[in-house]
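Peer 1: Here it is, the structure, as structure tokens.
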Amino acid sequence: MKDKSRKRIIIGNWKMNPSTLKDAEKLFKNVAKTISRIKKTEVVVCAPSVYLERLAKVRTSKIKLGAQNSFFGDVGPFTGEVSPEMLYNLGARFVILGHSERRNPPVGGGETNALINKKIKSALLGGLVTILCVGEEDRDENHGYFNIVKTQIEECLSGISRNSTSKIIIAYEPVWAISSTTNRRDATSADCMEMSIFIRKILSDKFGSDGSRIKIVYGGSVNERDALDFLQNGGVDGLLSGRASLSATKFTEIIKICEASNK
Ligand code: PGA
């Protein structure tokens, strides 16, 4: 049965965009203005951390802020890193961890599941809801991709207690469907459904009934044309949008579609 108290969630991942604070504020304000009547959908914008402080000053109760990465620990000799506590103090309440672009050696330094696990523990301690990204690079005929996702979840969530389940979101993002992937192709809501069922099973094996508190969202070139299909037929609690979240029109359209589908 559908749990009516469970809000669906739309997350925007701006990645390393836009190039100026002025544009960031403009985009954020445009989204905030357009969704002022949204009630049933939780909206999160994960912006570059250098913009968070200013965005947190924009008056809106409809958008929560997130970061796109955080390190472990509070302070220390970690050149170039930012701690969950620092992000929290700037206004972030969410953080994306384990994104495929950070797992990718030439782009994000090749983050491993073990490192992501340390970061998740620290983010949870620092009060940030963790959006853990998982997803296979390719789909093989032997369905090895199920095991890849299983290992990612098990290793990244190793040692995390049941009490933290309400602070974790899993984003299923098949790398082959992400907009920045060369020769990408579209995932279907059926692809998403089979994986979301599989992820639910892993979570219930690990956390028992508390596993159901973990929301699962889909990400990978989500747009205003396929959002409804993923929400209705993909078995997910929401969406994580990258490229489309850089357009206030497209992003708010996705939010409105989610709101209307949330009967
Ligand atoms: P995309 O990005 O929507 O541009 O594919 C999603 C993501 O990488 O988080």
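Residues in the structure tokens are named by chain (A, B, ... in the order shown) and by number from 1 within that chain; ligands are numbered from 1 in the order shown.
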Pick out the residues sitting within 7 Å of range 170-187 of chain A, and hand them over as a list of chain:residue names; count only C-alpha atoms, and ignore anything fewer than 5 positions along from it in its own chain.

Peer 2: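 Contacts, in chain order: A:Ser100, A:Ile131, A:Leu132, A:Cys133, A:Val134, A:Gly135, A:Glu136, A:Glu137, A:Asp138, A:Lys215, A:Ile216, A:Val217, A:Tyr218, A:Gly219, A:Gly220, A:Ser221.
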
Peer 1: Could you write out the selected residues, including N, CA, C and O atoms, as an mmCIF file, in the first residue's frame?

Peer 2:
```
data_model
loop_
_atom_site.group_PDB
_atom_site.id
_atom_site.type_symbol
_atom_site.label_atom_id
_atom_site.label_comp_id
_atom_site.auth_asym_id
_atom_site.auth_seq_id
_atom_site.Cartn_x
_atom_site.Cartn_y
_atom_site.Cartn_z
ATOM 1 N N SER A 100 28.994 9.046 -9.833
ATOM 2 C CA SER A 100 29.869 8.327 -10.781
ATOM 3 C C SER A 100 30.986 9.224 -11.306
ATOM 4 O O SER A 100 32.071 8.740 -11.636
ATOM 5 N N ILE A 131 22.772 11.416 -0.017
ATOM 6 C CA ILE A 131 22.224 10.873 -1.267
ATOM 7 C C ILE A 131 23.341 10.029 -1.877
ATOM 8 O O ILE A 131 24.291 10.563 -2.456
ATOM 9 N N LEU A 132 23.239 8.727 -1.693
ATOM 10 C CA LEU A 132 24.291 7.831 -2.178
ATOM 11 C C LEU A 132 23.981 7.410 -3.620
ATOM 12 O O LEU A 132 22.951 6.807 -3.885
ATOM 13 N N CYS A 133 24.906 7.754 -4.522
ATOM 14 C CA CYS A 133 24.711 7.369 -5.928
ATOM 15 C C CYS A 133 25.331 6.003 -6.192
ATOM 16 O O CYS A 133 26.481 5.752 -5.807
ATOM 17 N N VAL A 134 24.564 5.169 -6.850
ATOM 18 C CA VAL A 134 25.068 3.864 -7.294
ATOM 19 C C VAL A 134 24.627 3.664 -8.741
ATOM 20 O O VAL A 134 23.699 4.314 -9.204
ATOM 21 N N GLY A 135 25.301 2.758 -9.415
ATOM 22 C CA GLY A 135 24.888 2.476 -10.795
ATOM 23 C C GLY A 135 26.025 1.879 -11.585
ATOM 24 O O GLY A 135 27.197 2.213 -11.359
ATOM 25 N N GLU A 136 25.663 1.010 -12.505
ATOM 26 C CA GLU A 136 26.666 0.311 -13.308
ATOM 27 C C GLU A 136 27.075 1.149 -14.518
ATOM 28 O O GLU A 136 26.311 1.976 -14.992
ATOM 29 N N GLU A 137 28.300 0.887 -14.999
ATOM 30 C CA GLU A 137 28.760 1.619 -16.186
ATOM 31 C C GLU A 137 28.112 1.098 -17.456
ATOM 32 O O GLU A 137 27.804 1.851 -18.365
ATOM 33 N N ASP A 138 27.935 -0.221 -17.513
ATOM 34 C CA ASP A 138 27.345 -0.856 -18.697
ATOM 35 C C ASP A 138 26.366 -1.920 -18.252
ATOM 36 O O ASP A 138 26.423 -2.373 -17.129
ATOM 37 N N LYS A 215 14.622 6.228 0.819
ATOM 38 C CA LYS A 215 14.014 6.533 -0.486
ATOM 39 C C LYS A 215 14.970 6.138 -1.602
ATOM 40 O O LYS A 215 16.185 6.242 -1.454
ATOM 41 N N ILE A 216 14.380 5.729 -2.704
ATOM 42 C CA ILE A 216 15.179 5.438 -3.901
ATOM 43 C C ILE A 216 14.750 6.426 -4.982
ATOM 44 O O ILE A 216 13.547 6.617 -5.205
ATOM 45 N N VAL A 217 15.730 7.063 -5.598
ATOM 46 C CA VAL A 217 15.409 7.969 -6.709
ATOM 47 C C VAL A 217 16.162 7.503 -7.957
ATOM 48 O O VAL A 217 17.156 6.801 -7.857
ATOM 49 N N TYR A 218 15.647 7.948 -9.091
ATOM 50 C CA TYR A 218 16.323 7.605 -10.353
ATOM 51 C C TYR A 218 16.989 8.851 -10.930
ATOM 52 O O TYR A 218 16.419 9.949 -10.891
ATOM 53 N N GLY A 219 18.183 8.678 -11.483
ATOM 54 C CA GLY A 219 18.842 9.776 -12.189
ATOM 55 C C GLY A 219 19.545 9.275 -13.429
ATOM 56 O O GLY A 219 20.065 8.157 -13.456
ATOM 57 N N GLY A 220 19.556 10.094 -14.456
ATOM 58 C CA GLY A 220 20.196 9.744 -15.735
ATOM 59 C C GLY A 220 19.416 10.404 -16.850
ATOM 60 O O GLY A 220 18.464 9.816 -17.364
ATOM 61 N N SER A 221 19.781 11.667 -17.146
ATOM 62 C CA SER A 221 19.132 12.437 -18.219
ATOM 63 C C SER A 221 17.620 12.569 -18.046
ATOM 64 O O SER A 221 16.887 12.606 -19.035
#
```

Peer 1: Among range 4-245 of chain A, which residues carry a DSSP assignment of strand (DSSP E), reported as number ranges by chain?

Peer 2: A: 8-13, 41-46, 63-67, 92-97, 129-134, 168-172, 215-219, 238-241

Peer 1: How would the residues just chosen look if you wrote them out with C-alpha atoms as an mmCIF file, in the first residue's frame?

Peer 2:
```
data_model
loop_
_atom_site.group_PDB
_atom_site.id
_atom_site.type_symbol
_atom_site.label_atom_id
_atom_site.label_comp_id
_atom_site.auth_asym_id
_atom_site.auth_seq_id
_atom_site.Cartn_x
_atom_site.Cartn_y
_atom_site.Cartn_z
ATOM 1 C CA ARG A 8 8.367 12.280 -3.139
ATOM 2 C CA ILE A 9 11.610 14.116 -3.722
ATOM 3 C CA ILE A 10 13.107 15.947 -6.694
ATOM 4 C CA ILE A 11 16.814 16.663 -6.447
ATOM 5 C CA GLY A 12 18.775 18.956 -8.737
ATOM 6 C CA ASN A 13 22.482 18.318 -9.181
ATOM 7 C CA THR A 41 7.075 17.266 -3.107
ATOM 8 C CA GLU A 42 10.375 17.784 -1.338
ATOM 9 C CA VAL A 43 12.800 19.785 -3.479
ATOM 10 C CA VAL A 44 16.568 19.826 -3.023
ATOM 11 C CA VAL A 45 19.137 21.775 -5.016
ATOM 12 C CA CYS A 46 22.714 20.523 -4.765
ATOM 13 C CA ILE A 63 13.879 24.323 -1.534
ATOM 14 C CA LYS A 64 16.455 22.668 0.664
ATOM 15 C CA LEU A 65 20.117 22.953 -0.104
ATOM 16 C CA GLY A 66 22.596 20.197 -0.706
ATOM 17 C CA ALA A 67 26.281 19.860 -1.518
ATOM 18 C CA ALA A 92 23.342 22.518 3.392
ATOM 19 C CA ARG A 93 21.125 19.744 4.718
ATOM 20 C CA PHE A 94 21.864 17.137 2.061
ATOM 21 C CA VAL A 95 24.982 15.886 0.335
ATOM 22 C CA ILE A 96 25.494 13.763 -2.762
ATOM 23 C CA LEU A 97 28.159 11.112 -2.197
ATOM 24 C CA VAL A 129 21.099 13.547 4.639
ATOM 25 C CA THR A 130 23.223 11.436 2.339
ATOM 26 C CA ILE A 131 22.224 10.873 -1.267
ATOM 27 C CA LEU A 132 24.291 7.831 -2.178
ATOM 28 C CA CYS A 133 24.711 7.369 -5.928
ATOM 29 C CA VAL A 134 25.068 3.864 -7.294
ATOM 30 C CA ILE A 168 19.829 8.025 3.535
ATOM 31 C CA ILE A 169 18.580 8.236 -0.036
ATOM 32 C CA ILE A 170 19.813 5.914 -2.760
ATOM 33 C CA ALA A 171 20.090 7.416 -6.224
ATOM 34 C CA TYR A 172 20.175 4.765 -8.914
ATOM 35 C CA LYS A 215 14.014 6.533 -0.486
ATOM 36 C CA ILE A 216 15.179 5.438 -3.901
ATOM 37 C CA VAL A 217 15.409 7.969 -6.709
ATOM 38 C CA TYR A 218 16.323 7.605 -10.353
ATOM 39 C CA GLY A 219 18.842 9.776 -12.189
ATOM 40 C CA GLY A 238 11.710 10.650 -6.805
ATOM 41 C CA LEU A 239 14.245 11.833 -9.340
ATOM 42 C CA LEU A 240 17.758 13.247 -9.450
ATOM 43 C CA SER A 241 18.202 15.638 -12.321
#
```

Peer 1: Give the alpha helix (DSSP H) residues of range 43-237 of chain A, as assigned by DSSP on the backbone, as a PyMOL selection string.

Peer 2: chain A and resi 49-55+84-90+100-103+105-108+113-125+144-156+189-207+227-233

Peer 1: So which residues touch Leu231 in chain A within 10 Å, counting only C-alpha atoms, skipping near sequence neighbours fewer than 3 positions away, as a ChimeraX atom specification?

Peer 2: /A:8,189,192-193,217-218,226-228,234-239,257-258,261-262

Peer 1: Pick out the residues sitting within 9 Å of Ser36 in chain A, and hand them over as JSON, numbers by chain; count only C-alpha atoms, and ignore anything fewer than 5 positions along from it in its own chain.

Peer 2: {"A": [31, 60, 61, 62]}

Peer 1: Please dump the current selection as a compact mmCIF listing (two decimals), in the first residue's frame; keep N, CA, C and O atoms.

Peer 2:
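Saved the output as part_15.txt:
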```txt
# COMPACT_ATOMS: atom_id res chain seq x y z
N VAL A 31 13.48 29.22 -9.69
CA VAL A 31 12.87 27.94 -9.29
C VAL A 31 11.97 28.19 -8.07
O VAL A 31 10.81 27.79 -8.03
N THR A 60 12.97 31.09 0.91
CA THR A 60 12.05 30.09 0.37
C THR A 60 11.97 28.93 1.35
O THR A 60 12.98 28.51 1.91
N SER A 61 10.77 28.46 1.56
CA SER A 61 10.65 27.28 2.42
C SER A 61 10.53 26.03 1.56
O SER A 61 10.42 24.93 2.06
N LYS A 62 10.57 26.23 0.26
CA LYS A 62 10.29 25.10 -0.64
C LYS A 62 11.52 24.36 -1.12
O LYS A 62 11.42 23.26 -1.64
```

Peer 1: Could you pull the residues within 10 Å of range 68-85 of chain A, counting only C-alpha atoms, minus those fewer than 2 positions along the same chain, as a PyMOL selection string?

Peer 2: chain A and resi 13-16+45-49+66+87-99+102+115-128+130-131

Peer 1: Rounded to one decimal in Å, what is the spacing between CA of Glu224 in chain A and CA of Glu253 in chain A?

Peer 2: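 Distance reported for this atom pair: 6.1 Å.
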
Peer 1: Can you work out which one of A:Arg59, A:Arg103, A:Lys39, A:Lys206 has the shortest atom-to-atom distance to Ile255 in chain A, counting only C-alpha atoms?

Peer 2: A:Lys39

Peer 1: Between A:Glu259, A:Thr252, A:Ala114, A:Asp140, single out the one closest to Ala32 in chain A, counting only C-alpha atoms.

Peer 2: A:Thr252

Peer 1: Pick out the closest residue to Lys167 in chain A from this set: A:Ser212, A:Lys250, A:Ser204, A:Met195. Count only C-alpha atoms.

Peer 2: A:Ser212

Peer 1: Calculated over only C-alpha atoms and all ligand atoms, which of the candidates A:Thr34, A:Gln232, A:Asn142, A:Ser245 has the smallest distance to ligand 1?

Peer 2: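 Smallest distance to ligand 1 is found for A:Ser245.
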